[in-house]
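Printed here is upload_35.tsv (TSV, C-alpha atoms and all ligand atoms):
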chain	number	residue	atom	x	y	z
N	4	MET	CA	-11.54	-33.63	-23.34
N	5	SER	CA	-9.98	-32.16	-20.23
N	6	THR	CA	-11.06	-28.66	-19.28
N	7	THR	CA	-8.19	-28.08	-16.90
N	8	LEU	CA	-5.32	-25.75	-17.78
N	9	THR	CA	-2.06	-27.22	-19.10
N	10	VAL	CA	1.47	-26.12	-18.21
N	11	GLN	CA	1.59	-24.22	-21.51
N	12	GLN	CA	-1.74	-22.46	-20.87
N	13	ASN	CA	-0.53	-21.47	-17.42
N	14	LEU	CA	2.58	-19.95	-18.93
N	15	GLU	CA	0.45	-18.01	-21.42
N	16	ARG	CA	-1.58	-16.50	-18.60
N	17	LEU	CA	0.61	-16.01	-15.52
N	18	GLY	CA	2.94	-13.52	-17.24
N	19	LYS	CA	-0.13	-11.49	-18.25
N	20	TYR	CA	-1.51	-11.42	-14.72
N	21	GLN	CA	1.92	-10.28	-13.59
N	22	TYR	CA	1.91	-7.52	-16.20
N	23	VAL	CA	-1.50	-6.25	-15.05
N	24	GLU	CA	-0.47	-6.32	-11.36
N	25	MET	CA	2.65	-4.29	-12.15
N	26	GLN	CA	0.72	-1.81	-14.27
N	27	MET	CA	-1.85	-1.27	-11.51
N	28	MET	CA	0.97	-0.66	-9.05
N	29	GLU	CA	2.40	1.98	-11.40
N	30	LEU	CA	-1.00	3.63	-11.94
N	31	MET	CA	-1.44	4.06	-8.19
N	32	GLY	CA	2.14	5.28	-7.81
N	33	SER	CA	1.69	7.77	-10.60
N	34	TRP	CA	-1.63	9.09	-9.33
N	35	ALA	CA	-1.08	9.20	-5.55
N	36	TYR	CA	0.26	12.77	-5.31
N	37	THR	CA	-2.59	14.25	-7.35
N	38	MET	CA	-5.41	12.41	-5.54
N	39	VAL	CA	-7.28	14.74	-3.17
N	40	ASP	CA	-8.80	12.14	-0.83
N	41	PRO	CA	-6.38	11.12	1.97
N	42	GLU	CA	-8.09	7.75	2.41
N	43	ILE	CA	-7.25	6.97	-1.21
N	44	LYS	CA	-3.60	7.98	-0.77
N	45	ILE	CA	-3.33	5.65	2.23
N	46	GLY	CA	-5.07	2.83	0.38
N	47	PHE	CA	-2.74	3.29	-2.60
N	48	GLY	CA	0.31	3.09	-0.32
N	49	ARG	CA	-0.95	-0.23	1.04
N	50	GLN	CA	-2.13	-1.70	-2.27
N	51	MET	CA	0.94	-0.71	-4.28
N	52	TYR	CA	2.84	-3.03	-1.98
N	53	GLN	CA	0.26	-5.81	-2.13
N	54	ASP	CA	0.17	-5.68	-5.94
N	55	SER	CA	3.97	-5.89	-6.01
N	56	VAL	CA	3.78	-9.02	-3.86
N	57	HIS	CA	1.22	-10.49	-6.28
N	58	ALA	CA	3.51	-9.77	-9.23
N	59	ASP	CA	6.42	-11.25	-7.31
N	60	LEU	CA	4.56	-14.47	-6.45
N	61	LEU	CA	3.49	-14.91	-10.08
N	62	GLY	CA	7.05	-14.19	-11.23
N	63	LYS	CA	8.35	-16.99	-9.01
N	64	ARG	CA	5.78	-19.54	-10.20
N	65	ILE	CA	6.56	-18.97	-13.90
N	66	PRO	CA	10.09	-20.53	-13.88
N	67	GLU	CA	8.77	-23.45	-11.80
N	68	LEU	CA	6.56	-24.22	-14.81
N	69	LYS	CA	9.60	-24.35	-17.12
N	70	GLY	CA	9.23	-20.70	-18.14
N	71	ARG	CA	12.82	-19.96	-17.32
N	72	SER	CA	13.64	-17.31	-19.90
N	73	ALA	CA	12.81	-13.68	-19.35
N	74	HIS	CA	10.25	-13.53	-22.16
N	75	PHE	CA	7.77	-15.53	-20.06
N	76	GLN	CA	7.64	-12.69	-17.52
N	77	ASN	CA	5.52	-9.52	-17.60
N	78	ILE	CA	3.60	-10.02	-20.84
N	79	SER	CA	1.18	-7.43	-22.19
N	80	PRO	CA	-2.08	-9.20	-23.20
N	81	SER	CA	-2.40	-7.06	-26.36
N	82	ASN	CA	-1.64	-3.58	-27.70
N	83	GLU	CA	-5.34	-2.72	-27.37
N	84	PHE	CA	-5.21	-3.64	-23.68
N	85	THR	CA	-2.17	-1.43	-23.05
N	86	ARG	CA	-3.85	1.47	-24.86
N	87	LEU	CA	-6.83	1.06	-22.54
N	88	LEU	CA	-4.46	1.18	-19.55
N	89	GLU	CA	-2.99	4.36	-20.97
N	90	ARG	CA	-6.43	5.84	-21.33
N	91	ILE	CA	-7.25	4.97	-17.71
N	92	TRP	CA	-3.91	6.43	-16.59
N	93	GLN	CA	-4.83	9.72	-18.27
N	94	LEU	CA	-8.19	10.03	-16.48
N	95	LYS	CA	-8.44	13.10	-14.28
N	96	GLY	CA	-10.03	13.31	-10.84
N	97	ASP	CA	-10.38	10.89	-7.95
N	98	LEU	CA	-13.74	9.45	-9.01
N	99	ALA	CA	-12.90	8.71	-12.66
N	100	ARG	CA	-9.63	7.04	-11.68
N	101	MET	CA	-11.29	4.98	-8.95
N	102	ILE	CA	-13.88	3.80	-11.47
N	103	GLY	CA	-11.19	2.86	-14.01
N	104	LEU	CA	-9.13	0.93	-11.51
N	105	TYR	CA	-11.72	-0.55	-9.13
N	106	ARG	CA	-14.88	-0.92	-11.17
N	107	VAL	CA	-13.20	-2.06	-14.38
N	108	LEU	CA	-9.60	-3.32	-14.11
N	109	LYS	CA	-9.49	-4.99	-10.71
N	110	PRO	CA	-12.88	-6.74	-11.03
N	111	ALA	CA	-11.73	-8.09	-14.41
N	112	LEU	CA	-8.64	-9.46	-12.71
N	113	VAL	CA	-10.67	-11.06	-9.91
N	114	ALA	CA	-12.88	-12.66	-12.58
N	115	VAL	CA	-9.94	-14.18	-14.50
N	116	TYR	CA	-8.34	-15.46	-11.29
N	117	ASP	CA	-11.65	-17.02	-10.37
N	118	SER	CA	-12.06	-18.68	-13.71
N	119	HIS	CA	-8.43	-19.85	-13.69
N	120	LEU	CA	-8.95	-21.37	-10.23
N	121	GLN	CA	-11.98	-23.29	-11.48
N	122	SER	CA	-9.83	-24.89	-14.17
N	123	VAL	CA	-6.69	-25.72	-12.20
N	124	GLU	CA	-5.39	-29.27	-12.57
N	125	LEU	CA	-5.26	-30.53	-8.97
N	126	PRO	CA	-3.16	-31.59	-7.19
N	127	ALA	CA	-0.67	-31.31	-10.09
N	128	ASP	CA	-0.90	-27.52	-10.19
N	129	GLU	CA	-1.60	-26.93	-6.52
N	130	PRO	CA	1.22	-24.31	-6.29
N	131	THR	CA	-0.54	-22.06	-8.86
N	132	ALA	CA	-3.89	-22.50	-7.08
N	133	TYR	CA	-2.24	-21.65	-3.79
N	134	ILE	CA	-0.94	-18.28	-4.96
N	135	LEU	CA	-3.97	-17.38	-7.10
N	136	ARG	CA	-6.34	-17.97	-4.19
N	137	HIS	CA	-4.30	-15.59	-2.05
N	138	ILE	CA	-4.06	-12.94	-4.78
N	139	LYS	CA	-7.74	-13.21	-5.68
N	140	ASP	CA	-8.79	-12.71	-2.05
N	141	GLU	CA	-6.62	-9.64	-1.68
N	142	GLU	CA	-7.80	-8.13	-4.97
N	143	GLY	CA	-11.38	-8.75	-3.82
N	144	ASP	CA	-10.57	-6.82	-0.63
N	145	HIS	CA	-9.21	-3.93	-2.72
N	146	VAL	CA	-12.41	-3.77	-4.75
N	147	ALA	CA	-14.55	-3.85	-1.57
N	148	TRP	CA	-12.44	-1.11	0.05
N	149	ALA	CA	-12.82	1.07	-3.05
N	150	GLU	CA	-16.56	0.49	-3.30
N	151	ASN	CA	-17.19	2.44	-0.06
N	152	ILE	CA	-15.10	5.33	-1.30
N	153	ILE	CA	-16.70	5.33	-4.76
N	154	THR	CA	-20.18	5.38	-3.16
N	155	ARG	CA	-19.16	8.42	-1.12
N	156	LEU	CA	-17.54	10.17	-4.12
N	157	VAL	CA	-20.57	9.51	-6.33
N	158	ARG	CA	-22.90	10.84	-3.60
N	159	ASP	CA	-20.89	14.08	-3.43
N	160	SER	CA	-20.41	14.36	-7.19
N	161	ALA	CA	-22.35	16.65	-9.48
N	162	GLU	CA	-21.64	14.28	-12.38
N	163	LYS	CA	-23.32	11.03	-11.34
N	164	ASN	CA	-24.45	10.19	-14.84
N	165	SER	CA	-21.10	10.79	-16.45
N	166	SER	CA	-19.34	8.48	-13.98
N	167	ALA	CA	-21.84	5.70	-14.75
N	168	ALA	CA	-21.30	6.33	-18.47
N	169	LEU	CA	-17.52	6.20	-18.02
N	170	GLU	CA	-17.78	2.82	-16.30
N	171	THR	CA	-19.88	1.39	-19.13
N	172	GLU	CA	-17.56	2.81	-21.76
N	173	LEU	CA	-14.39	1.46	-20.15
N	174	SER	CA	-15.98	-1.96	-19.55
N	175	ASN	CA	-16.97	-2.15	-23.21
N	176	GLU	CA	-13.47	-1.16	-24.25
N	177	LEU	CA	-11.98	-3.79	-21.98
N	178	HIS	CA	-14.25	-6.39	-23.55
N	179	ALA	CA	-13.16	-5.30	-27.04
N	180	THR	CA	-9.47	-5.79	-26.11
N	181	SER	CA	-10.22	-9.48	-25.27
N	182	GLY	CA	-9.32	-8.65	-21.67
N	183	ILE	CA	-6.51	-9.95	-19.50
N	184	TRP	CA	-6.19	-13.32	-21.25
N	185	GLY	CA	-6.03	-11.47	-24.58
N	186	GLU	CA	-7.61	-14.46	-26.35
N	187	GLY	CA	-7.23	-14.27	-30.10
N	188	LYS	CA	-4.87	-11.27	-29.92
N	189	PRO	CA	-1.11	-11.24	-30.38
N	190	THR	CA	0.73	-10.29	-27.20
N	191	GLY	CA	1.36	-6.56	-26.99
N	192	THR	CA	4.51	-4.65	-27.81
N	193	TYR	CA	3.09	-1.16	-27.25
N	194	THR	CA	4.42	0.62	-24.16
N	195	PHE	CA	3.80	4.01	-22.58
N	196	LYS	CA	5.66	5.91	-19.90
N	197	LYS	CA	3.79	7.34	-16.94
N	198	THR	CA	5.79	10.55	-17.04
N	199	HIS	CA	5.11	13.69	-15.00
N	200	GLU	CA	5.44	17.40	-15.56
N	201	HIS	CA	7.59	19.45	-13.20
N	202	SER	CA	5.85	19.26	-9.83
N	203	VAL	CA	5.90	21.99	-7.19
N	204	ALA	CA	3.85	20.29	-4.49
N	205	PRO	CA	1.54	17.31	-3.93
N	206	VAL	CA	-2.23	17.86	-3.73
N	207	ARG	CA	-3.89	18.15	-0.31
N	208	ASP	CA	-7.56	18.33	0.67
N	209	SER	CA	-9.09	21.63	1.77
N	210	ARG	CA	-8.40	21.13	5.48
N	211	TRP	CA	-4.64	21.58	5.03
N	212	LYS	CA	-3.01	25.01	5.08
N	213	ILE	CA	0.08	24.54	2.98
N	214	VAL	CA	2.35	27.57	2.87
N	215	GLU	CA	4.01	28.18	-0.44
N	216	ARG	CA	6.90	30.34	0.66
N	217	PRO	CA	9.20	28.78	3.23
N	218	ASP	CA	9.56	32.12	5.05
N	219	GLU	CA	5.83	32.04	5.86
N	220	PHE	CA	6.48	28.94	7.89
N	221	THR	CA	7.46	29.99	11.38
N	222	GLU	CA	9.03	27.43	13.59
N	223	LYS	CA	9.02	27.83	17.33
N	224	ASN	CA	11.43	25.11	18.40
N	225	TRP	CA	8.61	22.78	19.22
N	226	SER	CA	9.42	20.08	21.69
N	227	PHE	CA	7.67	16.81	22.50
N	228	ASP	CA	7.72	18.01	26.12
N	229	THR	CA	4.52	20.01	25.85
N	230	MET	CA	1.07	19.25	24.46
N	231	GLU	CA	1.29	22.10	21.96
N	232	GLY	CA	4.69	20.88	20.88
N	233	LYS	CA	3.40	17.33	20.43
N	234	GLN	CA	0.49	18.52	18.32
N	235	HIS	CA	2.76	20.66	16.14
N	236	LEU	CA	5.29	17.89	15.62
N	237	LEU	CA	2.72	15.17	14.92
N	238	HIS	CA	0.82	17.48	12.56
N	239	ASP	CA	3.95	18.16	10.57
N	240	LEU	CA	4.95	14.50	10.65
N	241	LEU	CA	1.54	13.54	9.25
N	242	ASN	CA	2.16	15.68	6.18
N	243	SER	CA	5.64	14.15	5.78
N	244	GLU	CA	4.18	10.65	5.88
N	245	PHE	CA	1.80	11.52	3.05
N	246	ILE	CA	4.68	13.10	1.11
N	247	THR	CA	6.67	9.90	1.40
N	248	VAL	CA	3.83	7.68	0.13
N	249	GLU	CA	3.57	10.07	-2.79
N	250	ARG	CA	7.27	10.31	-3.59
N	251	MET	CA	7.71	6.52	-3.45
N	252	GLY	CA	4.81	6.23	-5.88
N	253	ARG	CA	6.56	8.69	-8.15
N	254	ILE	CA	9.75	6.58	-8.22
N	255	ILE	CA	7.70	3.53	-9.24
N	256	ALA	CA	5.93	5.46	-12.00
N	257	ASP	CA	8.85	7.58	-13.21
N	258	CYS	CA	11.56	4.90	-13.17
N	259	PRO	CA	10.13	1.61	-14.51
N	260	ASP	CA	13.64	0.33	-15.31
N	261	ILE	CA	15.01	0.15	-11.75
N	262	PRO	CA	15.68	-3.39	-10.42
N	263	TRP	CA	12.62	-5.34	-9.31
N	264	GLN	CA	13.90	-5.72	-5.75
N	265	MET	CA	14.38	-1.96	-5.52
N	266	LYS	CA	10.76	-1.47	-6.62
N	267	MET	CA	9.67	-3.92	-3.92
N	268	ASP	CA	11.60	-1.86	-1.34
N	269	MET	CA	10.10	1.40	-2.60
N	270	VAL	CA	6.53	0.11	-2.38
N	271	HIS	CA	7.24	-1.48	0.99
N	272	GLN	CA	8.22	2.00	2.11
N	273	ALA	CA	5.02	3.43	0.60
N	274	TRP	CA	3.06	0.90	2.67
N	275	ASP	CA	5.01	1.78	5.84
N	276	GLU	CA	4.38	5.50	5.33
N	277	ALA	CA	0.68	4.91	4.64
N	278	ARG	CA	0.41	3.09	7.99
N	279	HIS	CA	2.40	5.86	9.65
N	280	ALA	CA	-0.06	8.44	8.33
N	281	GLU	CA	-2.94	6.48	9.88
N	282	ILE	CA	-1.11	6.05	13.18
N	283	VAL	CA	0.05	9.67	13.43
N	284	GLN	CA	-3.35	11.13	12.55
N	285	ARG	CA	-5.06	8.92	15.13
N	286	ARG	CA	-2.57	9.91	17.85
N	287	LEU	CA	-2.84	13.60	16.90
N	288	GLU	CA	-6.62	13.37	17.28
N	289	GLU	CA	-6.37	11.46	20.57
N	290	LEU	CA	-4.28	14.37	21.83
N	291	GLY	CA	-6.98	16.87	20.85
N	292	GLY	CA	-5.43	17.92	17.54
N	293	TYR	CA	-6.86	17.89	14.03
N	294	VAL	CA	-5.73	18.14	10.43
N	295	GLY	CA	-5.27	21.76	9.40
N	296	MET	CA	-4.75	23.13	12.93
N	297	PHE	CA	-1.37	24.60	11.87
N	298	ASN	CA	0.32	25.77	8.72
N	299	THR	CA	2.62	23.26	7.14
N	300	SER	CA	5.05	23.12	4.27
N	301	CYS	CA	5.93	20.63	1.53
N	302	TRP	CA	9.50	21.84	1.31
N	303	GLY	CA	11.79	19.24	-0.21
N	304	TRP	CA	9.15	17.74	-2.51
N	305	GLU	CA	10.10	19.85	-5.53
N	306	GLN	CA	13.82	19.10	-5.08
N	307	ASP	CA	13.07	15.37	-4.82
N	308	VAL	CA	10.53	14.23	-7.40
N	309	ASN	CA	11.84	16.36	-10.26
N	310	ARG	CA	15.26	14.66	-10.27
N	311	ALA	CA	15.62	12.23	-13.14
N	312	ASP	CA	18.00	10.01	-11.18
N	313	PRO	CA	16.04	8.09	-8.50
N	314	LEU	CA	19.25	7.71	-6.50
N	315	GLU	CA	19.49	11.48	-6.07
N	316	ARG	CA	15.97	11.35	-4.64
N	317	LEU	CA	17.03	8.61	-2.22
N	318	ALA	CA	20.21	10.50	-1.25
N	319	LEU	CA	18.18	13.60	-0.41
N	320	SER	CA	15.08	12.14	1.19
N	321	ASN	CA	15.97	8.68	2.50
N	322	MET	CA	19.60	9.22	3.49
N	323	THR	CA	19.28	12.84	4.64
N	324	PHE	CA	15.72	13.75	5.66
N	325	GLU	CA	14.74	10.32	6.99
N	326	SER	CA	18.02	9.90	8.79
N	327	GLU	CA	17.29	13.26	10.43
N	328	SER	CA	13.80	12.08	11.24
N	329	CYS	CA	15.22	9.01	13.08
N	330	LYS	CA	17.09	11.37	15.41
N	331	HIS	CA	13.92	13.33	16.13
N	332	LEU	CA	11.91	10.17	16.75
N	333	ARG	CA	14.48	8.97	19.29
N	334	ASP	CA	14.22	12.32	21.07
N	335	TRP	CA	10.40	12.22	21.08
N	336	ILE	CA	10.38	8.64	22.42
N	337	ARG	CA	12.65	9.69	25.30
N	338	LYS	CA	10.44	12.66	26.12
N	339	ALA	CA	7.21	10.68	25.85
N	340	ARG	CA	8.59	8.05	28.24
N	341	ALA	CA	9.68	10.74	30.70
N	342	GLN	CA	6.09	12.01	30.79
N	343	ASN	CA	4.58	8.50	31.06
N	344	ASP	CA	2.99	8.97	27.63
N	345	THR	CA	3.51	5.29	26.90
N	346	ARG	CA	0.96	5.29	24.06
N	347	SER	CA	2.97	7.84	22.04
N	348	ALA	CA	6.27	6.16	22.92
N	349	GLN	CA	5.06	2.73	21.83
N	350	LEU	CA	3.73	3.97	18.50
N	351	LEU	CA	6.84	6.05	17.78
N	352	GLU	CA	9.05	3.02	18.40
N	353	PHE	CA	7.27	1.19	15.57
N	354	LEU	CA	7.72	4.22	13.33
N	355	LEU	CA	11.40	4.43	14.18
N	356	ALA	CA	11.95	0.75	13.33
N	357	ASP	CA	10.51	1.39	9.85
N	358	GLU	CA	12.39	4.66	9.33
N	359	VAL	CA	15.72	2.95	9.98
N	360	ASN	CA	14.90	0.56	7.12
N	361	HIS	CA	14.09	3.49	4.84
N	362	VAL	CA	17.51	5.02	5.45
N	363	LEU	CA	19.03	1.61	4.68
N	364	TYR	CA	17.08	1.33	1.39
N	365	GLY	CA	18.81	4.57	0.34
N	366	VAL	CA	22.25	3.40	1.46
N	367	HIS	CA	21.86	-0.03	-0.14
N	368	TRP	CA	20.57	1.03	-3.56
N	369	ILE	CA	23.00	3.90	-3.96
N	370	ASP	CA	25.83	1.55	-3.10
N	371	GLU	CA	24.56	-1.26	-5.32
N	372	LEU	CA	23.77	0.80	-8.42
N	373	THR	CA	26.85	3.03	-8.38
N	374	LYS	CA	29.51	0.47	-7.48
N	375	ASN	CA	30.87	0.55	-11.03
N	376	ASP	CA	30.08	4.19	-11.67
N	377	PRO	CA	32.14	6.50	-9.43
N	378	GLU	CA	30.99	9.62	-11.30
N	379	ARG	CA	27.35	8.85	-10.64
N	380	ARG	CA	28.08	8.02	-7.01
N	381	LYS	CA	29.85	11.36	-6.54
N	382	ARG	CA	26.99	13.29	-8.14
N	383	VAL	CA	24.33	11.41	-6.17
N	384	LEU	CA	26.05	11.90	-2.81
N	385	ALA	CA	26.72	15.58	-3.49
N	386	TYR	CA	23.07	16.29	-4.26
N	387	PRO	CA	21.72	16.74	-0.68
N	388	ASP	CA	24.38	19.31	0.16
N	389	GLU	CA	23.61	21.16	-3.04
N	390	VAL	CA	19.94	21.43	-2.03
N	391	LEU	CA	20.62	22.34	1.58
N	392	LYS	CA	23.18	24.98	0.64
N	393	ALA	CA	20.78	26.58	-1.85
N	394	GLN	CA	17.83	26.75	0.50
N	395	HIS	CA	17.58	26.13	4.18
N	396	PRO	CA	14.23	27.51	5.23
N	397	ILE	CA	12.95	28.00	8.70
N	398	GLY	CA	10.82	25.01	9.61
N	399	VAL	CA	13.12	22.30	8.41
N	400	ARG	CA	15.57	21.53	11.14
N	401	PHE	CA	18.96	20.01	10.66
N	402	ASP	CA	20.54	19.52	14.03
N	403	GLU	CA	23.80	18.48	12.53
N	404	THR	CA	25.19	19.38	9.18
N	405	THR	CA	26.25	16.11	7.68
N	406	ASN	CA	28.80	16.25	4.95
N	407	ALA	CA	27.51	13.94	2.24
N	408	GLN	CA	31.02	13.25	0.97
N	409	GLU	CA	31.90	11.67	4.29
N	410	ARG	CA	28.89	9.41	4.42
N	411	THR	CA	29.80	5.81	3.98
N	412	VAL	CA	27.72	3.86	1.58
T	501	FE	FE	7.28	7.43	8.10
T	502	FE	FE	10.21	6.79	6.05
Serialized structure, structure tokens:
Amino acid sequence: MSTTLTVQQNLERLGKYQYVEMQMMELMGSWAYTMVDPEIKIGFGRQMYQDSVHADLLGKRIPELKGRSAHFQNISPSNEFTRLLERIWQLKGDLARMIGLYRVLKPALVAVYDSHLQSVELPADEPTAYILRHIKDEEGDHVAWAENIITRLVRDSAEKNSSAALETELSNELHATSGIWGEGKPTGTYTFKKTHEHSVAPVRDSRWKIVERPDEFTEKNWSFDTMEGKQHLLHDLLNSEFITVERMGRIIADCPDIPWQMKMDMVHQAWDEARHAEIVQRRLEELGGYVGMFNTSCWGWEQDVNRADPLERLALSNMTFESESCKHLRDWIRKARAQNDTRSAQLLEFLLADEVNHVLYGVHWIDELTKNDPERRKRVLAYPDEVLKAQHPIGVRFDETTNAQERTV
């Protein structure tokens, strides 16, 4: 008897892998703004995107194997499995969540990919092997990345024993659900929404001095012309990059029904912003600065992530704030070049290239999703002006007042 996997067995499994990849992406998106550790936020920005690519690759292989109807896609292994995901989603604290995701879920996924790869019918099913090898390698990298962080968190934790107990408990629960293949269990129908309470600000580690009232935030017309100006501007930009990883994560978690391609764009943006945070922090430090050297503000966050309509969030942050940020970046690049600061100029040019795409994501998805809904389009495009009229604190600069009604989408 052959031990290799048939077309039918592939179809039974690939949709489940895809489901788990998408769920992990949503867990990271949901958690990012309440994780304290900046290294984790950056890693989540990167891995949300990679997991979306994994789900996308699996989703493309399924119809090639004659799974052309939608019910072959995104299959929950079992209700018990989804309830375990929900339990992991509800865990509090960086360490417990890292254990749930990287000591339990992701290693289980690597193990099923590995065992699938050992049973692939070759060369008949070479296309499945090709994508699974790639996904397995990347998931293995995620687990290795997390292991360093978990070791550090456990070392600093007062609850070493309870984190070891949590890992054992979750692993046993996973085993009891029959895992990602869900063998012997009917496929799941249970769903849960990763909803959030009203959120005033994202969580920052103790180095940051986040001012709560906008009037505490004094702006001194910083310019990229001086070293102090550069440090101020890069320091503030660093916080904005983190905010954008976090707010993209929130769209993924809060709005599971948006089109798949829109999700891919949102997590691509999360990845871009995560890289920007790394780049900006490094440059700030090269210029003698450090995190927490100035006060900063998370103004705009509350008006963004608490809107039920993701398009209002994009109108405010992508089409308004990020469009504004493109203008500033162009100005900084000019000034950096004038001072022969080619290192800053070169890095900022990469940032600008990404930011232009982020503005376009806003323009494209607002246009696409409101083309048959003029009322929604009007409401969405009016939202930024509503926010800016209501509150225009010192510290957030708008060189030009753009009338949202006149923007072309
Ligand atoms: Fe950015
Ligand atoms: Fe951006």
Residues within 9 Å of ligand FE 502 (chain T), counting all atoms listed in the file: report them as a list of chain:residue names.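 The residues within 9 Å of ligand FE 502 (chain T), counting all atoms listed in the file, are N:Ser243, N:Glu244, N:Thr247, N:Val248, N:Gln272, N:Ala273, N:Asp275, N:Glu276, N:His279, N:Ser320, N:Asn321, N:Phe324, N:Glu325, N:Ser326, N:Ser328, N:Cys329, N:Leu354, N:Leu355, N:Asp357, N:Glu358, N:Val359, N:Asn360, N:His361, N:Val362.
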Which residue is closest to Asp228 (chain N)? Choose from N:Tyr52, N:Trp335, N:Trp34, N:Phe353 and count all atoms listed in the file.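 For Asp228 (chain N), the nearest of the candidates is N:Trp335.
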Which one of N:Leu236, N:His201, N:Ala73, N:Val56 sits closest to Asn224 (chain N) if you count all atoms listed in the file? N:Leu236
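With all atoms listed in the file as the basis for measurement, N:Met267 is the residue among N:Ala341, N:Val383, N:Met267, N:Ala280 that approaches Tyr364 (chain N) most closely.
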Rounded to one decimal place, report the CA of Leu290 (chain N)-CA of Asp40 (chain N) distance in Å. 23.2 Å
For each of N:Ala277, N:Ile246, N:Leu8, N:Leu30, take the minimum atom-to-atom distance to Gly46 (chain N), counting all atoms listed in the file, then give the residue where this is smallest.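 Ranked by minimum distance to Gly46 (chain N), first place goes to N:Ala277.
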Write out as a PyMOL selection string the residues lying within 12 Å of Asp140 (chain N), counting all atoms listed in the file and excluding same-chain residues fewer than 3 positions away. chain N and resi 53+57+109-110+112-114+116-117+120+133-137+143-147
Find the residues around Tyr22 (chain N) up to 9 Å (all atoms listed in the file counted), leave out those fewer than 4 positions away in its own chain, and share them as a ChimeraX atom specification. /N:17-18,26-27,58,76-80
Residue nearest Lys212 (chain N) - candidates N:Met265, N:Thr154, N:Gly295, N:Arg333, atoms counted: only C-alpha atoms: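 When distances to Lys212 (chain N) are compared using only C-alpha atoms, the smallest one comes from N:Gly295.
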Out of N:His271, N:His119, N:Lys163, N:Arg379, which residue has the shortest atom-to-atom distance to ligand FE 501 (chain T) when counting only C-alpha atoms and all ligand atoms?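 Closest to ligand FE 501 (chain T), using only C-alpha atoms and all ligand atoms: N:His271.
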Have a look at CA of Leu317 (chain N) and CA of Val390 (chain N) and let me know their distance in Å, one decimal.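 Going from CA of Leu317 (chain N) over to CA of Val390 (chain N), I get 13.1 Å.
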Just give me the gap between CA of Pro66 (chain N) and CA of Asn13 (chain N) in Å, one decimal is fine.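 Pair CA of Pro66 (chain N) / CA of Asn13 (chain N) returns 11.2 Å.
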Would you be able to write out as a CSV table (one decimal) with C-alpha atoms, keeping the file's coordinate frame which residues have an atom within 12 Å of (28.2, 4.3, -5.3) in the file's coordinates, counting all atoms listed in the file?
chain,number,residue,atom,x,y,z
N,314,LEU,CA,19.2,7.7,-6.5
N,315,GLU,CA,19.5,11.5,-6.1
N,318,ALA,CA,20.2,10.5,-1.2
N,365,GLY,CA,18.8,4.6,0.3
N,366,VAL,CA,22.2,3.4,1.5
N,367,HIS,CA,21.9,0.0,-0.1
N,368,TRP,CA,20.6,1.0,-3.6
N,369,ILE,CA,23.0,3.9,-4.0
N,370,ASP,CA,25.8,1.6,-3.1
N,371,GLU,CA,24.6,-1.3,-5.3
N,372,LEU,CA,23.8,0.8,-8.4
N,373,THR,CA,26.8,3.0,-8.4
N,374,LYS,CA,29.5,0.5,-7.5
N,375,ASN,CA,30.9,0.6,-11.0
N,376,ASP,CA,30.1,4.2,-11.7
N,377,PRO,CA,32.1,6.5,-9.4
N,378,GLU,CA,31.0,9.6,-11.3
N,379,ARG,CA,27.4,8.8,-10.6
N,380,ARG,CA,28.1,8.0,-7.0
N,381,LYS,CA,29.8,11.4,-6.5
N,382,ARG,CA,27.0,13.3,-8.1
N,383,VAL,CA,24.3,11.4,-6.2
N,384,LEU,CA,26.0,11.9,-2.8
N,385,ALA,CA,26.7,15.6,-3.5
N,408,GLN,CA,31.0,13.2,1.0
N,410,ARG,CA,28.9,9.4,4.4
N,411,THR,CA,29.8,5.8,4.0
N,412,VAL,CA,27.7,3.9,1.6
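Excluding Ile153 (chain N) and any residue on its chain fewer than 2 positions from it, the residues at most 8 Å away by all atoms listed in the file are Leu98, Met101, Ile102, Ala149, Glu150, Asn151, Arg155, Leu156 and Val157 of chain N.
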Could you list, as an MDAnalysis selection string, every residue within 9 Å of His238 (chain N), counting all atoms listed in the file and ignoring same-chain residues fewer than 3 positions away? chainID N and resid 233:235 241:243 283:284 287 292:297 299
Output for the residues just chosen: C-alpha atoms as a PDB file, in the frame of the given file:
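And here is the file that came out, out-v1.pdb:
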ATOM      1  CA  LYS N 233       3.400  17.330  20.430  1.00  0.00           C
ATOM      2  CA  GLN N 234       0.490  18.520  18.320  1.00  0.00           C
ATOM      3  CA  HIS N 235       2.760  20.660  16.140  1.00  0.00           C
ATOM      4  CA  LEU N 241       1.540  13.540   9.250  1.00  0.00           C
ATOM      5  CA  ASN N 242       2.160  15.680   6.180  1.00  0.00           C
ATOM      6  CA  SER N 243       5.640  14.150   5.780  1.00  0.00           C
ATOM      7  CA  VAL N 283       0.050   9.670  13.430  1.00  0.00           C
ATOM      8  CA  GLN N 284      -3.350  11.130  12.550  1.00  0.00           C
ATOM      9  CA  LEU N 287      -2.840  13.600  16.900  1.00  0.00           C
ATOM     10  CA  GLY N 292      -5.430  17.920  17.540  1.00  0.00           C
ATOM     11  CA  TYR N 293      -6.860  17.890  14.030  1.00  0.00           C
ATOM     12  CA  VAL N 294      -5.730  18.140  10.430  1.00  0.00           C
ATOM     13  CA  GLY N 295      -5.270  21.760   9.400  1.00  0.00           C
ATOM     14  CA  MET N 296      -4.750  23.130  12.930  1.00  0.00           C
ATOM     15  CA  PHE N 297      -1.370  24.600  11.870  1.00  0.00           C
ATOM     16  CA  THR N 299       2.620  23.260   7.140  1.00  0.00           C
TER      17      THR N 299
END
Sel. within 9 Å of pt (13.1, 16.9, -0.3), counting only C-alpha atoms, output as a list of chain:residue names: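 Every polymer residue passing the test: N:Cys301, N:Trp302, N:Gly303, N:Trp304, N:Glu305, N:Gln306, N:Asp307, N:Val308, N:Arg316, N:Leu319, N:Ser320, N:Thr323, N:Phe324, N:Pro387, N:Val390.
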